[in-house]
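Asker: Sharing a structure, written as C-alpha cells. Questions coming.
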Amino acid sequence: MRDSYRQSRSRPGPEAVIATYENAAQAYARTRDRSLFERRWLDRALAYAAGRRVLDLGCGTGRPIATYLADRRCAVTGVDAAPSMVAMFAANLPRAEVVEADMRGLELGETFDVILAWNALFHLSADDQRAMFATFAAHSHERTVLLFTSGPDAGEATGTAGGLPVYHASLAPWEYRDLLMEYGYEEIAFMPEDPECQRHSVWLARAAGRGVG
C-alpha cells in the first residue's frame with residue numbers, strides 16, 4: 001500500500017472519478033466488501049458523537065456502512081455524485097435522505113454529529129482535498145466528529161472500483177494535521193495502514209469545543 005502512493009507515469013485523473021463510479025456502479029455493488037471491516041472505527045466515531053445525525057460523503061450504495069449506521073439508529077444523509085449510486089442508496093435505505101451532489105463545495109445549510117468521508121476524500125486532487133476541510137467545517141457544530149480515510153503518506157495511486165481503474169491521492173499526515181487544526185478540529189487518532197481494517201489509513205477527529213470554520 002505504501003509503495004502504491006509513490007508517483008507513477010500513467011493513471012486516470014481525478015476528473016474521471018465520478019464517471020468511473022457511474023460506469024462501474026453495478027459491478028461495484030456486487031463486489032463491494034460487506035464484511036464491515038470498518039465497524040471498529042464507525043463505533044469509535046459514534047462513541048464520541050453527541051448525537052446520531054450522520055453525513056456520509058461519497059456514500060455509494062449505502063452498503064454496508066450506511067445500513068450499519070441506520071441499524072444503530074443513526075439518521076443518515078448520504079451524498080454522492082454518481083446518479084446510479086444515489087439510486088441504489090435510496091433503494092437500500094428508503095428511510096434515509098440522499099443527495100445527488102459533488103461533495104466539493106457542498107452547501108446543505110445544516111450541521112451533523114458525525115461527518116464520514118470513508119474511501120471518498122482520497123479520490124479528490126490534493127487541492128480539492130485541502131478545500132474540503134472548509135466544507136467539513138461548514139457542516140460541523142462544536143462537537144462534530146470527523147472520520148475519513150487517506151493514504152499513508154503523500155502521493156497519487158491508481159485503485160479499482162468495480163474492476164475499473166480509479167484515481168487516488170493523499171496529502172502527507174502532517175498536512176492533514178495542519179488542516180484539522182486550522183479548521184478547529186483536534187485529532188483523536190490516526191492509524192496508517194491499519195492491519196485490522198484491511199490496511200486502510202484512518203483519521204478520527206472532533207471539533208475542539210468551539211466554533212469551526
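Here, A, B, ... name the chains of the C-alpha cells in the order displayed, residue numbers run from 1 inside each chain, and ligands are numbered from 1 in the same displayed order.
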So which residues of region 66-211 of chain A fall under strand (DSSP E) by DSSP, listed as a ChimeraX atom specification?
Answerer: /A:75-80,97-100,112-117,140-150,155-161,164-170,185-194,200-207
Asker: Please produce a file of the residues just selected, as an mmCIF file, in the first residue's frame, where the atoms kept are C-alpha atoms.
Answerer:
data_model
loop_
_atom_site.group_PDB
_atom_site.id
_atom_site.type_symbol
_atom_site.label_atom_id
_atom_site.label_comp_id
_atom_site.auth_asym_id
_atom_site.auth_seq_id
_atom_site.Cartn_x
_atom_site.Cartn_y
_atom_site.Cartn_z
ATOM 1 C CA ALA A 75 -30.228 9.444 10.821
ATOM 2 C CA VAL A 76 -28.012 9.209 7.751
ATOM 3 C CA THR A 77 -27.783 11.750 4.952
ATOM 4 C CA GLY A 78 -25.876 10.302 2.014
ATOM 5 C CA VAL A 79 -24.167 12.391 -0.646
ATOM 6 C CA ASP A 80 -22.844 11.012 -3.918
ATOM 7 C CA GLU A 97 -32.015 11.037 2.937
ATOM 8 C CA VAL A 98 -29.711 11.014 -0.072
ATOM 9 C CA VAL A 99 -28.493 13.944 -2.159
ATOM 10 C CA GLU A 100 -27.033 13.722 -5.645
ATOM 11 C CA PHE A 112 -24.196 16.922 11.693
ATOM 12 C CA ASP A 113 -22.933 14.953 14.674
ATOM 13 C CA VAL A 114 -20.663 12.785 12.522
ATOM 14 C CA ILE A 115 -19.139 13.556 9.139
ATOM 15 C CA LEU A 116 -17.897 10.488 7.301
ATOM 16 C CA ALA A 117 -15.682 10.514 4.206
ATOM 17 C CA SER A 140 -19.912 20.865 11.775
ATOM 18 C CA HIS A 141 -21.072 22.095 15.150
ATOM 19 C CA GLU A 142 -18.844 22.427 18.190
ATOM 20 C CA ARG A 143 -18.927 18.679 18.965
ATOM 21 C CA THR A 144 -18.937 17.133 15.479
ATOM 22 C CA VAL A 145 -16.830 14.019 14.911
ATOM 23 C CA LEU A 146 -14.951 13.646 11.610
ATOM 24 C CA LEU A 147 -13.915 10.231 10.252
ATOM 25 C CA PHE A 148 -12.051 9.867 6.957
ATOM 26 C CA THR A 149 -9.500 7.745 5.153
ATOM 27 C CA SER A 150 -6.366 8.822 3.310
ATOM 28 C CA GLY A 155 1.303 10.907 -3.360
ATOM 29 C CA GLU A 156 -1.017 9.528 -6.003
ATOM 30 C CA ALA A 157 -2.077 5.988 -6.836
ATOM 31 C CA THR A 158 -4.437 4.004 -9.018
ATOM 32 C CA GLY A 159 -7.006 1.784 -7.355
ATOM 33 C CA THR A 160 -10.050 -0.016 -8.707
ATOM 34 C CA ALA A 161 -13.804 0.463 -8.443
ATOM 35 C CA LEU A 164 -12.234 -0.133 -13.375
ATOM 36 C CA PRO A 165 -9.119 1.919 -12.593
ATOM 37 C CA VAL A 166 -9.771 4.940 -10.396
ATOM 38 C CA TYR A 167 -7.693 7.836 -9.094
ATOM 39 C CA HIS A 168 -6.458 8.043 -5.506
ATOM 40 C CA ALA A 169 -4.406 10.776 -3.850
ATOM 41 C CA SER A 170 -3.215 11.649 -0.377
ATOM 42 C CA TYR A 185 -10.624 20.018 14.949
ATOM 43 C CA GLU A 186 -8.475 18.029 17.307
ATOM 44 C CA GLU A 187 -7.022 14.692 16.295
ATOM 45 C CA ILE A 188 -8.238 11.685 18.227
ATOM 46 C CA ALA A 189 -6.419 9.011 16.249
ATOM 47 C CA PHE A 190 -4.517 8.350 13.043
ATOM 48 C CA MET A 191 -3.746 4.771 12.103
ATOM 49 C CA PRO A 192 -1.723 4.401 8.889
ATOM 50 C CA GLU A 193 -2.394 1.123 7.099
ATOM 51 C CA ASP A 194 -4.435 -0.261 9.992
ATOM 52 C CA HIS A 200 -6.831 1.493 5.361
ATOM 53 C CA SER A 201 -5.228 4.643 6.753
ATOM 54 C CA VAL A 202 -7.839 6.147 9.053
ATOM 55 C CA TRP A 203 -8.268 9.542 10.729
ATOM 56 C CA LEU A 204 -10.631 10.283 13.610
ATOM 57 C CA ALA A 205 -11.031 13.857 14.858
ATOM 58 C CA ARG A 206 -13.560 16.048 16.615
ATOM 59 C CA ALA A 207 -14.403 19.714 16.734
#
Asker: Would you pick out the contacts of region 171-173 of chain A at 8 Å or less, using only C-alpha atoms, so that residues sharing its chain but fewer than 6 positions from it are not included, and give the list as a list in words?
Answerer: Ala126, Ser150, Gly151, Pro152, Asp153, Ala154 and Gly155 of chain A
Asker: Kindly provide the residues of region 46-118 of chain A that approach region 18-34 of chain A to within 9 Å, each paired with its closest atom pair and their distance in Å to one decimal, based on only C-alpha atoms, listed by chain and increasing number, as a tab-separated table.
Answerer:
residue	atom	partner	partner_atom	distance
A:Gly60	CA	A:Ala25	CA	8.5
A:Thr61	CA	A:Ala29	CA	6.7
A:Arg63	CA	A:Arg34	CA	6.9
A:Pro64	CA	A:Arg34	CA	5.4
A:Ile65	CA	A:Arg34	CA	8.4
A:Asp80	CA	A:Ile18	CA	8.8
A:Ala81	CA	A:Ile18	CA	6.3
A:Ala82	CA	A:Glu22	CA	5.1
A:Pro83	CA	A:Glu22	CA	6.8
A:Ser84	CA	A:Glu22	CA	6.0
A:Met85	CA	A:Ala25	CA	6.3
A:Met88	CA	A:Ala29	CA	8.6
A:Asp102	CA	A:Ile18	CA	8.7
Asker: From the list A:Asp127, A:Tyr68, A:Ala49, A:Glu110, which residue is nearest Ser35 (chain A) when using only C-alpha atoms?
Answerer: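 Once distances to Ser35 (chain A) are computed over only C-alpha atoms, the minimum belongs to A:Tyr68.
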Asker: Could you pull out the helix (DSSP H, G or I) residues of region 60-165 of chain A, going by DSSP on the backbone, and write them as a VMD selection string?
Answerer: chain A and resid 65 to 71 83 to 92 121 to 123 126 to 138
Asker: Using only C-alpha atoms, can you tell me which of A:His123, A:Arg44, A:Arg199, A:Arg95 comes closest to Gly13 (chain A)?
Answerer: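 Ranked by minimum distance to Gly13 (chain A), first place goes to A:His123.
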Asker: Please provide as a CSV table (one decimal) with N, CA and C atoms, in the first residue's frame all residues within 12 Å of Ala131 (chain A), with the sequence filter that same-chain residues fewer than 3 positions apart are discarded (counting only C-alpha atoms).
Answerer:
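Saved result, around.csv, follows:
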chain,number,residue,atom,x,y,z
A,103,MET,N,-19.4,16.5,-3.6
A,103,MET,CA,-19.1,16.9,-2.2
A,103,MET,C,-18.3,18.2,-2.2
A,104,ARG,N,-17.5,18.5,-3.3
A,104,ARG,CA,-16.8,19.7,-3.4
A,104,ARG,C,-17.7,20.9,-3.4
A,105,GLY,N,-17.6,21.8,-2.5
A,105,GLY,CA,-18.4,22.9,-2.4
A,105,GLY,C,-19.8,22.6,-1.9
A,106,LEU,N,-20.1,21.5,-1.3
A,106,LEU,CA,-21.4,21.1,-0.8
A,106,LEU,C,-21.9,22.2,0.2
A,121,LEU,N,-12.7,11.0,0.3
A,121,LEU,CA,-11.8,12.1,0.2
A,121,LEU,C,-10.6,11.9,-0.6
A,124,LEU,N,-10.2,12.8,-4.5
A,124,LEU,CA,-10.0,14.2,-4.9
A,124,LEU,C,-8.5,14.5,-5.1
A,125,SER,N,-8.3,15.5,-5.9
A,125,SER,CA,-6.9,16.0,-6.1
A,125,SER,C,-6.5,16.6,-4.7
A,126,ALA,N,-5.2,16.8,-4.6
A,126,ALA,CA,-4.6,17.4,-3.4
A,126,ALA,C,-5.3,18.7,-3.1
A,127,ASP,N,-5.4,19.6,-4.1
A,127,ASP,CA,-6.0,20.9,-3.8
A,127,ASP,C,-7.5,20.8,-3.4
A,128,ASP,N,-8.2,19.9,-4.0
A,128,ASP,CA,-9.6,19.7,-3.7
A,128,ASP,C,-9.7,19.1,-2.3
A,134,ALA,N,-12.9,23.1,4.6
A,134,ALA,CA,-13.9,24.2,4.7
A,134,ALA,C,-15.3,23.6,4.6
A,135,THR,N,-15.5,22.7,3.8
A,135,THR,CA,-16.8,22.0,3.6
A,135,THR,C,-17.2,21.2,4.9
A,136,PHE,N,-16.2,20.5,5.4
A,136,PHE,CA,-16.4,19.8,6.7
A,136,PHE,C,-16.8,20.8,7.8
A,137,ALA,N,-16.1,21.9,7.9
A,137,ALA,CA,-16.3,22.8,8.9
A,137,ALA,C,-17.7,23.5,8.8
A,138,ALA,N,-18.1,23.7,7.5
A,138,ALA,CA,-19.5,24.3,7.3
A,138,ALA,C,-20.6,23.4,7.8
A,176,TYR,N,-2.5,17.0,6.8
A,176,TYR,CA,-3.9,16.7,7.3
A,176,TYR,C,-4.0,17.3,8.8
A,179,LEU,N,-4.4,21.0,8.6
A,179,LEU,CA,-5.7,21.3,8.2
A,179,LEU,C,-6.8,21.1,9.3
A,180,LEU,N,-6.6,20.0,10.0
A,180,LEU,CA,-7.5,19.8,11.1
A,180,LEU,C,-7.4,20.9,12.1
A,182,GLU,N,-6.3,24.0,11.6
A,182,GLU,CA,-6.7,25.2,11.0
A,182,GLU,C,-8.2,25.4,11.1
A,183,TYR,N,-9.0,24.3,10.9
A,183,TYR,CA,-10.4,24.3,10.8
A,183,TYR,C,-11.1,23.9,12.1
A,213,GLY,N,-14.7,26.5,11.3
A,213,GLY,CA,-15.0,27.2,10.0
A,213,GLY,C,-14.0,28.3,9.8
Asker: What is the distance, in Å and to one decimal place, between CA of Arg72 (chain A) and CA of Ala101 (chain A)?
Answerer: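 Going from CA of Arg72 (chain A) over to CA of Ala101 (chain A), I get 25.3 Å.
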